[in-house]
Amino acid sequence: MSLAPARPEALAEPTRKVGPGWIALYVLANTGMFIPMQVPTTFLMPEQIAQIDPAGKVGSYAWVSMMGAISGIIIAPLAGALCDRTTGRFGRRRPWMIAGSLVCTAALLYTGIQTTVAGIALGSLVLSAAFMIIGAGLAPVIPDRVPVAQRGVVLGWATVPQAGGLIAGGLLLGLVTGFSAQYVLMAAFPLMIVLFAVVMKDPQLPPDHREPFSLRAFLDGYRISPREHPDFVWAMSSRFIMGLGYGLGTLYMPYFLDDVLHYEQLFPGQSTEDGLLIVVGVNCLATISTVVLSGWLSDKLGKRRVLVFLGGLTMAVAAIPLALSPTWTMTLVAAVILGLGYGVYLAVDTALVTEVLPTSADRGKDMALANLMASLPYVLVPPIASVALGDLGGYRSLFLCSAAMSALGAVLVWKVRSVR
């Protein structure tokens with residue numbers, strides 16, 4: 001009987017750089033994930049809810065957003081832990097990407113035909129779960145296959161769809177009319193993930209190296225010891241608070257344009273959706289202008305923390321113009337500043353996280369926890385925003401809270417000691 005290798009390829013640290021073809025397909029996979037992740041929640045669901053419940057749209061949208069975010073609390077680490085333990089001949093990551101893509105397509109088609117807030121909330125919940133399943137396979141591909149010295153530039157290119165997905169998706173929505181048709185269009189994008197999954201190299205995990213799984217092991221996955229893995233805990237804390245700041249500053253932008261700027265009165269003949277597309281477009285272009293460069297620079301300099309700090313601080317500054325002068329001009333200025341900072345932060349922070357993962361055997365689960373720290377804040381954004389908008393002075397307080405959270409998240413990254 002032959003013995004299993006001490007460290008199989010599936011668990012080894014990658015040393016060979018990935019080529020342009022691999023990067024291109026990975027970028028396509030991220031496009032297939034981020035466009036249907038971002039566009040429906042930004043453009044489609046708010047408008048669906050506003051048509052169904054015009055008077056209670058803010059509260060209804062908050063409920064729908066929370067339903068989507070809550071599903072990830074359980075699904076993300078569970079899918080990640082099971083993905084790490086998948087031993088089939090098709091590899092560990094591939095089955096989860098394909099299964100999640102199929103669920104994502106079905107959830108989008110379902111949501112597109114809903115006429116109640118409850119129906120949209122259910123669609124949001126299933127859609128969020130699908131993205132967590134996809135992420136369980138897609139996110140750990142970077143620490144699985146890309147060497148540390150190349151991760152900044154690879155993630156820089158891979159986050160271009162995350163940075164530009166809203167503007168690309170918003171423009172595509174203009175090609176078709178009606179919620180059903182627009183959701184059908186979004187449902188085609190997960191096929192890009194399937195393409196990457198089919199062609200990628202995904203070494204099989206030998207059964208002898210599979211970690212035992214139990215309910216206790218799953219629950220233990222939530223508990224990362226600050227004493228044993230302080231850098232991972234600080235990186236997660238920084239990411240969570242940064243996500244909270246970003247969500248507070250952006251989630252209610254459709255209603256800010258409508259209720260504060262009165263966009264349709266300001267520009268007769270245009271809809272609030274037109275204004276939102278302009279803001280999103282300006283923000284996306286600014287983000288794209290820095291995301292690849294910052295990732296490459298972090299590899300070149302071998303320094304990640306300072307770029308994450310500068311990106312987060314710039315994002316904090318972006319919220320101040322909206323708090324002090326809520327005008328259309330200041331909205332565009334804020335969109336540019338936020339985009340520049342977010343572009344610097346986006347790829348470099350993820351590269352930093354891949355360097356502080358506790359163990360190679362749990363990359364999927366730990367990357368799922370990292371992604372959860374970016375999405376979980378959206379559970380807290382609605383109640384915080386409700387208090388800020390209702391009792392603390394309205395949108396000015398909301399944007400000042402956003403600035404404070406982004407600044408705090410940027411400062412916490414200096415607590416990570418093992419990464420320069």
# chains A, B, ... in the order shown; residues from 1 in each chain; ligands from 1
>>> residues_around(residues="Asp258 of chain A", least_positions_apart="5", cutoff="12 Å", atoms="only C-alpha atoms", output="PyMOL selection string")
chain A and resi 46-47+50+57-58+252-253+263-267+270-276+328
>>> residues_around(residues="Gly68 of chain A", least_positions_apart="2", cutoff="9 Å", atoms="only C-alpha atoms", output="ChimeraX atom specification")
/A:63-66,70-72,121-129,378-379
>>> write_last_selection(atoms="C-alpha atoms", output="PDB file, in the first residue's frame")
ATOM      1  CA  TRP A  63     -35.406  44.043   5.580  1.00  0.00           C
ATOM      2  CA  VAL A  64     -34.574  42.549   2.191  1.00  0.00           C
ATOM      3  CA  SER A  65     -30.900  43.515   2.572  1.00  0.00           C
ATOM      4  CA  MET A  66     -30.732  41.955   6.012  1.00  0.00           C
ATOM      5  CA  ILE A  70     -27.982  36.893   7.268  1.00  0.00           C
ATOM      6  CA  SER A  71     -27.946  33.811   5.037  1.00  0.00           C
ATOM      7  CA  GLY A  72     -24.214  34.251   4.567  1.00  0.00           C
ATOM      8  CA  ALA A 121     -36.596  38.858   0.323  1.00  0.00           C
ATOM      9  CA  LEU A 122     -36.636  35.107  -0.266  1.00  0.00           C
ATOM     10  CA  GLY A 123     -34.895  35.597  -3.599  1.00  0.00           C
ATOM     11  CA  SER A 124     -32.295  37.789  -1.907  1.00  0.00           C
ATOM     12  CA  LEU A 125     -31.687  35.134   0.746  1.00  0.00           C
ATOM     13  CA  VAL A 126     -31.176  32.316  -1.786  1.00  0.00           C
ATOM     14  CA  LEU A 127     -29.094  34.566  -4.034  1.00  0.00           C
ATOM     15  CA  SER A 128     -26.811  35.460  -1.133  1.00  0.00           C
ATOM     16  CA  ALA A 129     -26.429  31.776  -0.243  1.00  0.00           C
ATOM     17  CA  TYR A 378     -24.674  44.859   5.674  1.00  0.00           C
ATOM     18  CA  VAL A 379     -26.703  43.189   8.433  1.00  0.00           C
TER      19      VAL A 379
END
>>> residues_around(residues="Arg145 of chain A", least_positions_apart="6", cutoff="12 Å", atoms="only C-alpha atoms", output="PyMOL selection string")
chain A and resi 9-19+22-23+26+93+138-139+151+154+200-203+354+360+363
>>> residues_around(residues="segment 310-319 of chain A", least_positions_apart="4", cutoff="10 Å", atoms="only C-alpha atoms", output="PyMOL selection string")
chain A and resi 238-239+242+245-246+248-250+290+294+305-306+323-324+330-331+333-346+348-349+396+398-411+413
>>> write_last_selection(atoms="N, CA and C atoms", output="compact mmCIF listing (two decimals), in the first residue's frame")
# COMPACT_ATOMS: atom_id res chain seq x y z
N SER A 238 -10.37 44.72 10.74
CA SER A 238 -10.22 45.86 9.84
C SER A 238 -11.18 45.76 8.67
N ARG A 239 -11.28 44.57 8.09
CA ARG A 239 -12.15 44.37 6.93
C ARG A 239 -13.62 44.58 7.31
N MET A 242 -14.26 48.34 7.84
CA MET A 242 -14.22 49.01 6.54
C MET A 242 -15.49 48.73 5.75
N GLY A 245 -18.25 50.90 7.08
CA GLY A 245 -18.15 52.28 6.58
C GLY A 245 -18.57 52.42 5.14
N TYR A 246 -18.16 51.46 4.32
CA TYR A 246 -18.52 51.51 2.89
C TYR A 246 -20.02 51.33 2.70
N LEU A 248 -22.46 52.01 4.87
CA LEU A 248 -23.18 53.20 5.34
C LEU A 248 -23.12 54.32 4.32
N GLY A 249 -22.03 54.40 3.58
CA GLY A 249 -21.87 55.48 2.62
C GLY A 249 -22.51 55.25 1.27
N THR A 250 -22.85 53.98 0.96
CA THR A 250 -23.31 53.69 -0.40
C THR A 250 -24.70 53.04 -0.49
N THR A 290 -7.28 52.86 -10.22
CA THR A 290 -6.25 52.60 -9.21
C THR A 290 -6.13 51.13 -8.81
N SER A 294 -2.47 49.61 -7.88
CA SER A 294 -2.18 49.42 -6.46
C SER A 294 -1.81 47.97 -6.16
N ARG A 305 0.32 46.94 3.94
CA ARG A 305 -0.41 47.67 4.98
C ARG A 305 -0.56 49.14 4.68
N VAL A 306 0.50 49.77 4.20
CA VAL A 306 0.43 51.21 3.97
C VAL A 306 -0.58 51.54 2.88
N ALA A 323 -21.62 64.94 3.68
CA ALA A 323 -22.15 65.34 4.99
C ALA A 323 -22.25 66.85 5.11
N LEU A 324 -21.27 67.59 4.57
CA LEU A 324 -21.23 69.04 4.74
C LEU A 324 -21.99 69.79 3.67
N MET A 330 -21.19 67.90 -5.21
CA MET A 330 -20.44 67.23 -4.15
C MET A 330 -20.65 65.71 -4.19
N THR A 331 -21.80 65.27 -4.67
CA THR A 331 -22.04 63.83 -4.83
C THR A 331 -21.06 63.23 -5.83
N VAL A 333 -18.12 64.58 -6.67
CA VAL A 333 -16.78 64.68 -6.08
C VAL A 333 -16.55 63.52 -5.11
N ALA A 334 -17.55 63.26 -4.27
CA ALA A 334 -17.43 62.16 -3.31
C ALA A 334 -17.29 60.81 -4.02
N ALA A 335 -18.01 60.64 -5.13
CA ALA A 335 -17.93 59.40 -5.89
C ALA A 335 -16.53 59.16 -6.43
N VAL A 336 -15.87 60.23 -6.88
CA VAL A 336 -14.50 60.11 -7.39
C VAL A 336 -13.53 59.76 -6.26
N ILE A 337 -13.61 60.48 -5.14
CA ILE A 337 -12.70 60.24 -4.03
C ILE A 337 -12.89 58.83 -3.48
N LEU A 338 -14.15 58.43 -3.31
CA LEU A 338 -14.43 57.09 -2.81
C LEU A 338 -13.87 56.03 -3.76
N GLY A 339 -14.05 56.24 -5.05
CA GLY A 339 -13.55 55.28 -6.02
C GLY A 339 -12.04 55.15 -6.01
N LEU A 340 -11.34 56.26 -5.90
CA LEU A 340 -9.87 56.21 -5.84
C LEU A 340 -9.40 55.43 -4.62
N GLY A 341 -10.01 55.72 -3.45
CA GLY A 341 -9.62 55.02 -2.24
C GLY A 341 -9.99 53.56 -2.27
N TYR A 342 -11.17 53.25 -2.76
CA TYR A 342 -11.63 51.87 -2.81
C TYR A 342 -10.78 51.04 -3.76
N GLY A 343 -10.35 51.64 -4.86
CA GLY A 343 -9.48 50.94 -5.79
C GLY A 343 -8.16 50.55 -5.17
N VAL A 344 -7.59 51.46 -4.37
CA VAL A 344 -6.33 51.15 -3.68
C VAL A 344 -6.55 50.06 -2.64
N TYR A 345 -7.66 50.15 -1.92
CA TYR A 345 -7.94 49.22 -0.82
C TYR A 345 -8.27 47.82 -1.30
N LEU A 346 -9.04 47.72 -2.37
CA LEU A 346 -9.74 46.50 -2.73
C LEU A 346 -8.82 45.29 -2.92
N VAL A 348 -5.47 45.08 -2.60
CA VAL A 348 -4.35 44.95 -1.66
C VAL A 348 -4.82 44.32 -0.35
N ASP A 349 -6.00 44.68 0.10
CA ASP A 349 -6.51 44.09 1.33
C ASP A 349 -6.71 42.58 1.18
N ARG A 396 -26.67 63.56 6.88
CA ARG A 396 -25.39 64.09 7.36
C ARG A 396 -24.78 63.16 8.40
N LEU A 398 -25.46 60.01 8.78
CA LEU A 398 -25.14 58.74 8.12
C LEU A 398 -23.76 58.79 7.48
N PHE A 399 -23.48 59.87 6.75
CA PHE A 399 -22.20 59.96 6.06
C PHE A 399 -21.04 60.20 7.02
N LEU A 400 -21.28 60.89 8.12
CA LEU A 400 -20.22 61.07 9.12
C LEU A 400 -19.91 59.74 9.81
N CYS A 401 -20.94 58.92 10.05
CA CYS A 401 -20.70 57.57 10.59
C CYS A 401 -19.87 56.74 9.60
N SER A 402 -20.18 56.88 8.33
CA SER A 402 -19.42 56.18 7.31
C SER A 402 -17.95 56.58 7.34
N ALA A 403 -17.68 57.87 7.45
CA ALA A 403 -16.30 58.36 7.50
C ALA A 403 -15.57 57.82 8.72
N ALA A 404 -16.24 57.83 9.87
CA ALA A 404 -15.60 57.37 11.11
C ALA A 404 -15.24 55.89 11.02
N MET A 405 -16.16 55.07 10.50
CA MET A 405 -15.90 53.63 10.39
C MET A 405 -14.75 53.35 9.43
N SER A 406 -14.73 54.02 8.29
CA SER A 406 -13.66 53.80 7.31
C SER A 406 -12.30 54.18 7.88
N ALA A 407 -12.25 55.29 8.61
CA ALA A 407 -10.99 55.72 9.22
C ALA A 407 -10.52 54.71 10.27
N LEU A 408 -11.45 54.21 11.09
CA LEU A 408 -11.08 53.24 12.11
C LEU A 408 -10.59 51.94 11.48
N GLY A 409 -11.27 51.48 10.44
CA GLY A 409 -10.83 50.27 9.75
C GLY A 409 -9.45 50.42 9.16
N ALA A 410 -9.15 51.61 8.64
CA ALA A 410 -7.82 51.85 8.07
C ALA A 410 -6.74 51.80 9.14
N VAL A 411 -7.02 52.35 10.30
CA VAL A 411 -6.03 52.37 11.39
C VAL A 411 -5.74 50.95 11.90
N VAL A 413 -5.48 48.20 10.43
CA VAL A 413 -4.62 47.35 9.62
C VAL A 413 -3.17 47.36 10.11
>>> atom_distance(atom1="atom CA of Gly247 of chain A", atom2="atom CA of Pro36 of chain A")
17.9 Å
>>> closest_residue(among="A:Pro143, A:Gly100, A:Pro377, A:Pro212", to="Phe240 of chain A", atoms="only C-alpha atoms")
A:Pro377
>>> select_by_dssp(residues="segment 84-216 of chain A", states="alpha helix (DSSP H)", output="VMD selection string")
chain A and resid 84 94 to 111 117 to 138 141 to 145 151 to 158 160 to 173 179 to 187 191 to 199 215 to 216
>>> residues_around(residues="segment 181-188 of chain A", least_positions_apart="3", cutoff="7 Å", atoms="only C-alpha atoms", output="PDB file with N, CA and C atoms, in the first residue's frame")
ATOM      1  N   PRO A  36     -23.856  39.946 -11.306  1.00  0.00           N
ATOM      2  CA  PRO A  36     -25.152  39.572 -10.735  1.00  0.00           C
ATOM      3  C   PRO A  36     -25.233  39.726  -9.218  1.00  0.00           C
ATOM      4  N   THR A 105     -28.230  31.247 -10.807  1.00  0.00           N
ATOM      5  CA  THR A 105     -29.068  31.462 -11.994  1.00  0.00           C
ATOM      6  C   THR A 105     -30.546  31.268 -11.656  1.00  0.00           C
ATOM      7  N   LEU A 108     -31.923  34.183  -9.495  1.00  0.00           N
ATOM      8  CA  LEU A 108     -32.139  35.409 -10.263  1.00  0.00           C
ATOM      9  C   LEU A 108     -33.426  35.320 -11.088  1.00  0.00           C
ATOM     10  N   LEU A 109     -33.637  34.182 -11.707  1.00  0.00           N
ATOM     11  CA  LEU A 109     -34.861  34.002 -12.494  1.00  0.00           C
ATOM     12  C   LEU A 109     -36.089  34.075 -11.598  1.00  0.00           C
ATOM     13  N   GLY A 112     -36.852  37.738 -10.417  1.00  0.00           N
ATOM     14  CA  GLY A 112     -37.330  38.603 -11.490  1.00  0.00           C
ATOM     15  C   GLY A 112     -38.821  38.587 -11.694  1.00  0.00           C
ATOM     16  N   LEU A 173     -28.378  46.707 -18.444  1.00  0.00           N
ATOM     17  CA  LEU A 173     -29.797  46.702 -18.109  1.00  0.00           C
ATOM     18  C   LEU A 173     -30.602  47.599 -19.045  1.00  0.00           C
ATOM     19  N   VAL A 176     -32.526  46.055 -22.189  1.00  0.00           N
ATOM     20  CA  VAL A 176     -33.801  45.327 -22.101  1.00  0.00           C
ATOM     21  C   VAL A 176     -34.730  46.067 -21.144  1.00  0.00           C
ATOM     22  N   THR A 177     -36.011  45.810 -21.240  1.00  0.00           N
ATOM     23  CA  THR A 177     -36.986  46.467 -20.378  1.00  0.00           C
ATOM     24  C   THR A 177     -37.772  45.421 -19.601  1.00  0.00           C
ATOM     25  N   GLY A 178     -38.177  45.802 -18.404  1.00  0.00           N
ATOM     26  CA  GLY A 178     -38.954  44.905 -17.565  1.00  0.00           C
ATOM     27  C   GLY A 178     -38.075  44.114 -16.631  1.00  0.00           C
ATOM     28  N   LEU A 191     -22.531  31.675 -15.992  1.00  0.00           N
ATOM     29  CA  LEU A 191     -21.929  30.713 -16.922  1.00  0.00           C
ATOM     30  C   LEU A 191     -20.426  30.958 -17.076  1.00  0.00           C
TER      31      LEU A 191
END
>>> closest_residue(among="A:Val291, A:Leu257, A:Leu205, A:Val198", to="Arg7 of chain A", atoms="only C-alpha atoms")
A:Leu205
>>> atom_distance(atom1="atom CA of Arg304 of chain A", atom2="atom CA of Ile35 of chain A")
26.8 Å
>>> closest_residue(among="A:Met132, A:Ile120, A:Ala347, A:Leu171", to="Leu369 of chain A", atoms="only C-alpha atoms")
A:Met132
>>> atom_distance(atom1="atom CA of Val148 of chain A", atom2="atom CA of Glu355 of chain A")
7.3 Å
>>> closest_residue(among="A:Leu322, A:Ile193, A:Met236, A:Val308", to="Phe256 of chain A", atoms="only C-alpha atoms")
A:Leu322
>>> residues_around(residues="Gly302 of chain A", least_positions_apart="5", cutoff="10 Å", atoms="only C-alpha atoms", output="PDB file with N, CA, C and O atoms, in the first residue's frame")
ATOM      1  N   VAL A 148       2.693  34.129  -3.473  1.00  0.00           N
ATOM      2  CA  VAL A 148       2.509  35.377  -2.725  1.00  0.00           C
ATOM      3  C   VAL A 148       2.967  36.593  -3.518  1.00  0.00           C
ATOM      4  O   VAL A 148       2.289  37.621  -3.559  1.00  0.00           O
ATOM      5  N   ALA A 149       4.109  36.491  -4.190  1.00  0.00           N
ATOM      6  CA  ALA A 149       4.682  37.644  -4.884  1.00  0.00           C
ATOM      7  C   ALA A 149       3.879  38.083  -6.100  1.00  0.00           C
ATOM      8  O   ALA A 149       4.140  39.148  -6.665  1.00  0.00           O
ATOM      9  N   GLY A 152      -0.865  40.348  -5.584  1.00  0.00           N
ATOM     10  CA  GLY A 152      -1.348  41.724  -5.701  1.00  0.00           C
ATOM     11  C   GLY A 152      -1.807  42.043  -7.110  1.00  0.00           C
ATOM     12  O   GLY A 152      -2.911  42.557  -7.323  1.00  0.00           O
ATOM     13  N   TRP A 296      -0.365  45.838  -8.288  1.00  0.00           N
ATOM     14  CA  TRP A 296       0.992  45.663  -8.821  1.00  0.00           C
ATOM     15  C   TRP A 296       2.020  46.323  -7.910  1.00  0.00           C
ATOM     16  O   TRP A 296       3.087  45.760  -7.629  1.00  0.00           O
ATOM     17  N   LEU A 297       1.701  47.521  -7.421  1.00  0.00           N
ATOM     18  CA  LEU A 297       2.641  48.252  -6.574  1.00  0.00           C
ATOM     19  C   LEU A 297       2.889  47.525  -5.262  1.00  0.00           C
ATOM     20  O   LEU A 297       4.023  47.501  -4.756  1.00  0.00           O
ATOM     21  N   VAL A 419       2.833  41.007   7.967  1.00  0.00           N
ATOM     22  CA  VAL A 419       2.838  41.491   6.591  1.00  0.00           C
ATOM     23  C   VAL A 419       3.333  42.928   6.588  1.00  0.00           C
ATOM     24  O   VAL A 419       2.890  43.736   7.402  1.00  0.00           O
ATOM     25  N   ARG A 420       4.228  43.241   5.682  1.00  0.00           N
ATOM     26  CA  ARG A 420       4.783  44.596   5.623  1.00  0.00           C
ATOM     27  C   ARG A 420       3.749  45.566   5.059  1.00  0.00           C
ATOM     28  O   ARG A 420       2.904  45.196   4.262  1.00  0.00           O
TER      29      ARG A 420
END
>>> residues_around(residues="segment 76-84 of chain A", least_positions_apart="3", cutoff="8 Å", atoms="only C-alpha atoms", output="VMD selection string")
chain A and resid 72 to 73 92 to 93 96 129 132 to 133 135 to 137 213 218 221 to 222 361 to 369 372
>>> closest_residue(among="A:Cys104, A:Gln150, A:Ala29, A:Ala118", to="Leu301 of chain A", atoms="only C-alpha atoms")
A:Gln150
>>> decode(residues="segment 214-298 of chain A", atoms="C-alpha atoms", output="CSV table (one decimal), in the first residue's frame")
chain,number,residue,atom,x,y,z
A,214,SER,CA,-18.4,17.5,12.7
A,215,LEU,CA,-20.8,20.1,14.1
A,216,ARG,CA,-18.2,20.9,16.7
A,217,ALA,CA,-15.5,21.3,14.0
A,218,PHE,CA,-17.9,23.6,12.1
A,219,LEU,CA,-18.7,25.8,15.1
A,220,ASP,CA,-15.0,25.9,16.0
A,221,GLY,CA,-14.4,27.4,12.6
A,222,TYR,CA,-16.1,30.6,13.8
A,223,ARG,CA,-13.6,30.8,16.7
A,224,ILE,CA,-10.2,32.0,15.6
A,225,SER,CA,-7.9,32.4,18.5
A,226,PRO,CA,-6.5,36.0,18.8
A,227,ARG,CA,-3.5,34.5,20.7
A,228,GLU,CA,-2.7,31.9,18.1
A,229,HIS,CA,-3.6,33.9,15.0
A,230,PRO,CA,-3.6,37.6,15.9
A,231,ASP,CA,-2.8,38.9,12.4
A,232,PHE,CA,-5.8,37.1,10.9
A,233,VAL,CA,-8.1,38.4,13.6
A,234,TRP,CA,-6.9,42.0,13.1
A,235,ALA,CA,-7.2,41.7,9.4
A,236,MET,CA,-10.8,40.4,9.8
A,237,SER,CA,-11.6,43.2,12.2
A,238,SER,CA,-10.2,45.9,9.8
A,239,ARG,CA,-12.2,44.4,6.9
A,240,PHE,CA,-15.4,44.2,8.9
A,241,ILE,CA,-15.3,47.9,10.0
A,242,MET,CA,-14.2,49.0,6.5
A,243,GLY,CA,-17.2,47.1,5.1
A,244,LEU,CA,-19.5,48.9,7.6
A,245,GLY,CA,-18.1,52.3,6.6
A,246,TYR,CA,-18.5,51.5,2.9
A,247,GLY,CA,-22.0,50.2,3.3
A,248,LEU,CA,-23.2,53.2,5.3
A,249,GLY,CA,-21.9,55.5,2.6
A,250,THR,CA,-23.3,53.7,-0.4
A,251,LEU,CA,-26.3,51.5,0.4
A,252,TYR,CA,-28.8,54.3,0.6
A,253,MET,CA,-27.6,56.3,-2.3
A,254,PRO,CA,-30.7,55.6,-4.5
A,255,TYR,CA,-32.9,57.1,-1.7
A,256,PHE,CA,-30.4,60.0,-1.1
A,257,LEU,CA,-30.7,61.1,-4.7
A,258,ASP,CA,-34.5,60.9,-4.5
A,259,ASP,CA,-35.2,62.2,-1.0
A,260,VAL,CA,-32.4,64.8,-0.5
A,261,LEU,CA,-31.2,65.9,-3.9
A,262,HIS,CA,-34.7,65.5,-5.6
A,263,TYR,CA,-32.8,64.4,-8.7
A,264,GLU,CA,-35.9,64.3,-11.0
A,265,GLN,CA,-36.8,67.9,-10.1
A,266,LEU,CA,-33.2,69.0,-10.4
A,267,PHE,CA,-32.9,67.5,-13.9
A,268,PRO,CA,-36.4,67.3,-15.5
A,269,GLY,CA,-36.8,64.5,-18.0
A,270,GLN,CA,-34.3,62.3,-16.1
A,271,SER,CA,-35.1,59.6,-13.6
A,272,THR,CA,-33.4,58.9,-10.3
A,273,GLU,CA,-32.1,55.7,-11.9
A,274,ASP,CA,-30.3,57.9,-14.5
A,275,GLY,CA,-28.6,59.8,-11.7
A,276,LEU,CA,-27.6,56.7,-9.8
A,277,LEU,CA,-26.1,55.3,-13.0
A,278,ILE,CA,-24.0,58.5,-13.4
A,279,VAL,CA,-22.8,58.4,-9.8
A,280,VAL,CA,-22.0,54.7,-10.1
A,281,GLY,CA,-20.2,55.2,-13.4
A,282,VAL,CA,-18.0,58.0,-12.0
A,283,ASN,CA,-17.2,55.9,-8.9
A,284,CYS,CA,-16.4,52.8,-11.0
A,285,LEU,CA,-14.1,54.6,-13.4
A,286,ALA,CA,-12.2,56.1,-10.4
A,287,THR,CA,-11.9,52.7,-8.8
A,288,ILE,CA,-10.7,51.0,-11.9
A,289,SER,CA,-8.0,53.7,-12.4
A,290,THR,CA,-6.2,52.6,-9.2
A,291,VAL,CA,-7.1,49.0,-8.6
A,292,VAL,CA,-4.6,47.2,-10.9
A,293,LEU,CA,-1.9,49.7,-10.2
A,294,SER,CA,-2.2,49.4,-6.5
A,295,GLY,CA,-2.1,45.6,-6.6
A,296,TRP,CA,1.0,45.7,-8.8
A,297,LEU,CA,2.6,48.3,-6.6
A,298,SER,CA,2.0,46.2,-3.5
